[in-house]
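Trainee: Below is model_19.txt; it holds compact mmCIF, C-alpha atoms (C1' of nucleotides).
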```txt
# COMPACT_ATOMS: atom_id res chain seq x y z
CA MET A 1 -1.06 29.99 3.23
CA SER A 2 0.48 27.15 1.28
CA GLU A 3 -1.13 25.27 -1.57
CA LEU A 4 -1.67 22.38 0.79
CA ASN A 5 -3.78 24.47 3.14
CA ASP A 6 -5.85 25.57 0.14
CA ALA A 7 -6.19 22.01 -1.10
CA TYR A 8 -7.39 20.87 2.31
CA GLU A 9 -10.03 23.58 2.40
CA GLN A 10 -11.24 22.72 -1.10
CA LEU A 11 -11.45 19.03 -0.32
CA PHE A 12 -13.21 19.50 2.98
CA GLN A 13 -15.70 21.84 1.32
CA ALA A 14 -16.36 19.26 -1.36
CA TYR A 15 -16.50 16.08 0.70
CA GLY A 16 -16.88 16.97 4.38
CA PRO A 17 -15.54 14.89 7.26
CA GLN A 18 -14.53 11.33 6.32
CA HIS A 19 -14.62 9.77 9.79
CA TRP A 20 -11.43 7.78 9.39
CA TRP A 21 -10.26 5.21 10.26
CA PRO A 22 -13.23 2.87 9.90
CA GLY A 23 -12.78 0.44 12.82
CA ASP A 24 -13.98 -0.11 16.34
CA SER A 25 -10.66 -0.29 18.18
CA PRO A 26 -6.98 0.57 17.81
CA PHE A 27 -6.24 -3.13 17.33
CA GLU A 28 -8.76 -3.48 14.54
CA ILE A 29 -7.24 -0.42 12.88
CA ILE A 30 -3.81 -2.00 13.02
CA ILE A 31 -5.11 -5.18 11.41
CA GLY A 32 -6.84 -3.13 8.73
CA ALA A 33 -3.67 -1.15 8.08
CA ILE A 34 -1.75 -4.33 7.33
CA LEU A 35 -4.54 -5.96 5.34
CA THR A 36 -5.07 -2.94 3.08
CA GLN A 37 -1.50 -2.95 1.76
CA ASN A 38 -1.87 -2.55 -2.01
CA THR A 39 -5.44 -3.77 -1.69
CA ASN A 40 -8.95 -2.41 -2.24
CA TRP A 41 -10.64 -1.61 1.09
CA LYS A 42 -13.75 -3.62 0.12
CA ASN A 43 -11.65 -6.76 0.09
CA VAL A 44 -10.22 -5.83 3.46
CA GLU A 45 -13.70 -5.39 4.92
CA ARG A 46 -14.62 -8.93 3.94
CA ALA A 47 -11.53 -10.21 5.72
CA LEU A 48 -12.24 -8.10 8.81
CA ASN A 49 -15.78 -9.47 8.90
CA GLN A 50 -14.43 -13.01 8.74
CA LEU A 51 -12.21 -12.23 11.72
CA ARG A 52 -15.07 -10.57 13.55
CA GLU A 53 -17.35 -13.56 13.06
CA ALA A 54 -14.59 -15.81 14.40
CA ASP A 55 -14.27 -13.40 17.34
CA LEU A 56 -10.62 -12.77 16.45
CA LEU A 57 -10.53 -8.98 16.52
CA SER A 58 -8.83 -8.92 19.89
CA LEU A 59 -5.22 -9.41 20.92
CA SER A 60 -5.96 -12.25 23.30
CA SER A 61 -7.92 -14.35 20.80
CA LEU A 62 -5.77 -13.64 17.75
CA ARG A 63 -2.65 -14.65 19.68
CA LYS A 64 -3.99 -18.19 19.98
CA THR A 65 -4.66 -18.47 16.26
CA SER A 66 -2.19 -20.25 13.99
CA VAL A 67 -0.77 -18.44 10.98
CA GLU A 68 -2.40 -21.04 8.69
CA GLU A 69 -5.84 -20.57 10.22
CA LEU A 70 -5.44 -16.81 10.08
CA ALA A 71 -4.42 -16.94 6.42
CA GLU A 72 -7.63 -18.74 5.41
CA LEU A 73 -9.80 -16.19 7.21
CA ILE A 74 -8.16 -13.18 5.55
CA ARG A 75 -8.06 -14.74 2.08
CA SER A 76 -10.24 -12.04 0.52
CA ALA A 77 -7.68 -9.35 1.33
CA GLY A 78 -5.19 -10.85 -1.09
CA TYR A 79 -1.51 -11.69 -0.41
CA TYR A 80 -3.09 -13.63 2.42
CA ARG A 81 -0.15 -15.84 3.33
CA GLN A 82 2.19 -12.84 3.56
CA LYS A 83 -0.32 -10.80 5.50
CA ALA A 84 -1.01 -13.60 7.97
CA LYS A 85 2.72 -13.70 8.70
CA ARG A 86 2.83 -9.92 9.00
CA LEU A 87 -0.01 -9.90 11.52
CA HIS A 88 1.79 -12.61 13.40
CA ASN A 89 5.02 -10.61 13.28
CA PHE A 90 3.25 -7.66 14.85
CA LEU A 91 1.75 -9.77 17.65
CA HIS A 92 5.11 -11.38 18.33
CA PHE A 93 6.80 -7.97 18.48
CA LEU A 94 4.17 -6.61 20.86
CA ASP A 95 4.50 -9.59 23.19
CA GLU A 96 8.31 -9.61 23.15
CA CYS A 97 8.92 -5.88 23.48
CA TYR A 98 5.82 -4.41 25.12
CA GLU A 99 4.32 -7.16 27.27
CA GLY A 100 1.56 -7.49 24.68
CA SER A 101 0.30 -4.04 25.53
CA LEU A 102 -0.71 -1.46 22.93
CA GLU A 103 -0.84 1.13 25.69
CA LEU A 104 2.84 0.58 26.45
CA LEU A 105 3.72 0.66 22.74
CA PHE A 106 1.78 3.89 22.25
CA ASP A 107 3.55 5.40 25.23
CA ASN A 108 6.46 6.21 22.89
CA SER A 109 6.96 9.58 21.21
CA VAL A 110 5.73 9.88 17.61
CA ASP A 111 9.20 9.32 16.17
CA GLU A 112 10.04 6.46 18.50
CA LEU A 113 6.74 4.73 17.82
CA ARG A 114 7.30 5.09 14.09
CA MET A 115 10.78 3.60 14.35
CA GLU A 116 9.54 0.72 16.48
CA LEU A 117 6.83 -0.13 13.97
CA LEU A 118 9.27 0.10 11.06
CA SER A 119 11.48 -2.48 12.75
CA ILE A 120 8.74 -5.11 12.27
CA ASN A 121 9.05 -7.17 9.09
CA GLY A 122 6.02 -6.41 6.96
CA ILE A 123 5.42 -2.89 8.26
CA GLY A 124 6.76 -0.22 5.92
CA PRO A 125 6.47 3.57 6.07
CA GLU A 126 2.83 3.89 5.02
CA THR A 127 1.56 1.16 7.33
CA ALA A 128 3.63 2.54 10.20
CA ASP A 129 2.32 6.06 9.69
CA SER A 130 -1.26 4.81 9.37
CA ILE A 131 -0.93 3.03 12.70
CA VAL A 132 0.68 6.06 14.38
CA LEU A 133 -2.00 8.43 13.09
CA TYR A 134 -5.17 6.34 13.15
CA ALA A 135 -4.56 3.79 15.90
CA ALA A 136 -2.34 5.80 18.28
CA ASN A 137 -3.90 9.17 17.36
CA MET A 138 -0.52 10.86 17.08
CA PRO A 139 0.42 13.46 14.45
CA THR A 140 2.27 11.99 11.48
CA PHE A 141 1.41 12.60 7.83
CA VAL A 142 0.53 9.45 5.88
CA ILE A 143 1.72 9.18 2.29
CA ASP A 144 0.17 6.75 -0.16
CA ALA A 145 -0.02 6.27 -3.92
CA TYR A 146 -2.87 8.80 -4.22
CA THR A 147 -0.99 11.41 -2.19
CA ALA A 148 2.04 11.07 -4.43
CA ARG A 149 -0.10 11.34 -7.56
CA VAL A 150 -2.02 14.39 -6.35
CA PHE A 151 1.14 16.21 -5.23
CA VAL A 152 3.08 15.38 -8.39
CA ARG A 153 0.27 16.17 -10.81
CA HIS A 154 -0.22 19.58 -9.24
CA GLY A 155 3.48 20.27 -9.49
CA TRP A 156 3.93 20.58 -5.73
CA ILE A 157 6.78 18.09 -5.66
CA ASP A 158 9.12 16.34 -8.10
CA ALA A 159 7.93 13.15 -9.73
CA ASP A 160 10.93 11.29 -8.34
CA ALA A 161 10.21 12.23 -4.72
CA ARG A 162 10.52 9.37 -2.24
CA TYR A 163 8.21 8.56 0.66
CA ASP A 164 10.15 10.64 3.16
CA ASP A 165 10.42 13.57 0.74
CA LEU A 166 6.64 13.69 0.35
CA LYS A 167 6.12 13.36 4.09
CA GLN A 168 8.61 16.12 4.91
CA TYR A 169 7.06 18.39 2.31
CA ALA A 170 3.54 17.91 3.68
CA GLU A 171 4.56 18.32 7.31
CA SER A 172 6.60 21.45 6.52
CA GLN A 173 3.55 23.10 4.93
CA LEU A 174 1.00 22.27 7.60
CA PRO A 175 0.53 22.73 11.34
CA ARG A 176 1.44 19.56 13.26
CA ASP A 177 -2.18 18.75 14.04
CA MET A 178 -3.35 15.16 14.46
CA GLN A 179 -6.95 15.88 13.49
CA LEU A 180 -5.85 17.80 10.39
CA PHE A 181 -3.52 14.98 9.28
CA ASN A 182 -6.28 12.47 9.95
CA GLU A 183 -8.86 14.28 7.83
CA PHE A 184 -6.48 15.36 5.09
CA HIS A 185 -5.20 11.90 4.29
CA ALA A 186 -8.74 10.53 4.18
CA LEU A 187 -9.80 13.36 1.86
CA ILE A 188 -6.84 12.74 -0.43
CA VAL A 189 -7.81 9.07 -0.72
CA GLN A 190 -11.38 10.14 -1.49
CA VAL A 191 -10.40 12.58 -4.22
CA GLY A 192 -7.85 10.09 -5.47
CA LYS A 193 -10.42 7.33 -5.86
CA LYS A 194 -12.77 9.63 -7.74
CA HIS A 195 -10.40 11.71 -9.83
CA CYS A 196 -6.72 10.82 -9.46
CA ARG A 197 -6.38 7.21 -10.48
CA LYS A 198 -3.75 6.22 -13.00
CA SER A 199 -6.08 7.62 -15.66
CA PRO A 200 -7.02 10.99 -14.16
CA ASP A 201 -10.44 12.63 -14.43
CA CYS A 202 -9.72 16.28 -13.68
CA GLU A 203 -12.97 17.56 -15.17
CA ASN A 204 -15.09 17.74 -12.01
CA CYS A 205 -12.30 17.39 -9.47
CA PRO A 206 -12.55 19.77 -6.49
CA LEU A 207 -8.86 20.54 -7.01
CA SER A 208 -9.15 21.34 -10.73
CA SER A 209 -8.64 25.07 -10.08
CA MET A 210 -5.27 24.23 -8.54
CA LEU A 211 -3.89 22.42 -11.57
CA PRO A 212 -0.77 23.95 -13.12
CA SER A 213 -1.54 25.87 -16.32
CA ALA A 214 0.49 23.37 -18.30
CA GLY A 215 -2.07 20.76 -17.34
CA PRO A 216 -1.80 17.64 -15.26
CA TYR A 217 1.34 15.57 -15.21
CA LEU A 218 -0.24 12.64 -16.99
CA ASP A 219 2.99 10.72 -17.27
CA PHE A 220 3.14 9.91 -13.57
C1' DG B 1 -9.08 -10.94 -20.47
C1' DA B 2 -6.63 -6.74 -18.89
C1' DC B 3 -6.15 -3.51 -15.44
C1' DC B 4 -6.40 -1.80 -10.83
C1' DA B 5 -6.44 -1.49 -5.62
C1' DG B 6 -5.26 3.06 0.93
C1' DG B 7 2.73 -1.79 -0.01
C1' DC B 8 6.54 -4.37 1.36
C1' DA B 9 10.64 -7.35 1.27
C1' DC B 10 14.18 -9.24 -1.12
C1' DA B 11 17.45 -10.20 -5.04
C1' DT B 12 20.45 -8.38 -8.25
C1' DC B 13 23.20 -5.14 -10.63
C1' DG C 1 20.97 3.82 -4.90
C1' DA C 2 18.11 2.16 -8.63
C1' DT C 3 15.40 -1.35 -10.70
C1' DG C 4 12.79 -5.72 -10.99
C1' DT C 5 9.93 -9.34 -9.01
C1' DG C 6 6.72 -12.14 -6.00
C1' DC C 7 2.84 -11.83 -3.36
C1' DA C 8 -3.29 -12.78 -4.59
C1' DT C 9 -8.07 -11.50 -4.15
C1' DG C 10 -12.25 -9.31 -6.16
C1' DG C 11 -14.31 -5.27 -8.81
C1' DT C 12 -14.66 -2.73 -13.31
```
Let me see whether you can do it: turn the structure in this file into structure tokens.

Mentor:
Amino acid sequence: MSELNDAYEQLFQAYGPQHWWPGDSPFEIIIGAILTQNTNWKNVERALNQLREADLLSLSSLRKTSVEELAELIRSAGYYRQKAKRLHNFLHFLDECYEGSLELLFDNSVDELRMELLSINGIGPETADSIVLYAANMPTFVIDAYTARVFVRHGWIDADARYDDLKQYAESQLPRDMQLFNEFHALIVQVGKKHCRKSPDCENCPLSSMLPSAGPYLDF
DNA sequence: GACCAGGCACATC
DNA sequence: GATGTGCATGGT
């Protein structure tokens, strides 16, 4: 068993199932994935509620909405002009390449779907993987700032590892299981929020027994 | 007021 | 390939 398997067990013991991704439909999950870029989820929820109240959480209705109108509604999520464009970019891509159908888009293999999403301006590796895992329910490991911090501070990977290095490491240590990847990423975010922010609080962290003897890598 | 939050694109060297 | 910068709101 690898350290990652152990970490998963510890986290699941401590926190239980996280029920990710919060959202009623694949499309809502995609919107959330774009809105949460470098942004607190609370702020994203406000924006999603604004869209919900305007009845814009569906492809057909959001398509008819101008980028300017969209931007005002998602203001609370921050970077709202950029994100309005990014949502628009996604819709445009879906219409042009997949007849506006998520089903057709999700009909790709994991790797193809990931590449397709990465070709959209405004969708980078984390957003693409979040969509693949949580909207399409296909097995890909999502890396985020917390994941990098947790892995680096435990000495599981070099501090200079890039996104794809972290992803390859995780996937090489774990069975390729969608449900496992789903739960694990959510648990990492949970432990990250509580204990692995820029100023770490390792005292009561469920992973404290897995810290290297030299102590946490506080310089990350 | 400073710092942070479930990133990404683009410019420049 | 590495490094720096703009994007922006709301909570602590």

Trainee: Would you list the contacts of segment 9-12 of chain C as a PyMOL selection string, taking every protein, DNA or RNA residue within 9 Å and counting all atoms listed in the file, but skipping same-chain residues closer than 5 positions in sequence?

Mentor: (chain A and resi 39-40+42-43+75-80) or (chain B and resi 3-4)

Trainee: With a cut-off of 12 Å, could you pull out the residues of chain B touching chain A and give me the nearest pair of atoms for each, distance in Å to one decimal, using all atoms listed in the file, ordered by chain and ascending number, as CSV?

Mentor:
```
residue,atom,partner,partner_atom,distance
B:DC3,C1',A:Lys198,CA,10.3
B:DC4,C1',A:Lys198,CA,8.7
B:DA5,C1',A:Asn40,CA,4.3
B:DG6,C1',A:Thr36,CA,6.4
B:DG7,C1',A:Gln37,CA,4.7
B:DC8,C1',A:Gly122,CA,6.0
B:DA9,C1',A:Gly122,CA,7.4
B:DC10,C1',A:Asn121,CA,11.6
```

Trainee: Would you kindly return, as an MDAnalysis selection string, each protein, DNA or RNA residue with an atom no farther than 10 Å from any atom of His19 of chain A, considering all atoms listed in the file and excluding same-chain residues fewer than 5 positions away?

Mentor: chainID A and resid 182:183 186:187

Trainee: Could you jot down the atom CA of Glu3 of chain A to atom CA of Pro22 of chain A separation for me, Å, one decimal place?

Mentor: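 We find that atom CA of Glu3 of chain A and atom CA of Pro22 of chain A lie 27.9 Å from each other.
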
Trainee: I want to know what sits within 12 Å of DC13 of chain B, based on all atoms listed in the file, with residues of the same chain fewer than 3 positions away left out; could you give that as a PyMOL selection string?

Mentor: chain C and resi 1-4

Trainee: Quick one: distance from atom CA of Arg114 of chain A to atom CA of Ala128 of chain A in Å, one decimal?

Mentor: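 So the two atoms, atom CA of Arg114 of chain A and atom CA of Ala128 of chain A, lie 5.9 Å apart.
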
Trainee: For atom CA of Ser60 of chain A and atom CA of Glu96 of chain A, quote the distance in Å rounded to one decimal.

Mentor: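 Between atom CA of Ser60 of chain A and atom CA of Glu96 of chain A the gap works out to 14.5 Å.
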
Trainee: Closest to Gly100 of chain A among A:Asn49, A:Ser172, A:Phe27, A:Ala71, using only C-alpha atoms?

Mentor: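 For Gly100 of chain A, the nearest of the given residues is A:Phe27.
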
Trainee: Please write out, as AutoDock Vina command-line options, where the centre of an axis-aligned box around all listed atoms of chain B lies and how long its edges are, in Å to one decimal, after adding 4 Å on each side.

Mentor:
```
--center_x 7.1 --center_y -3.9 --center_z -9.6 --size_x 40.3 --size_y 22.0 --size_z 29.8
```
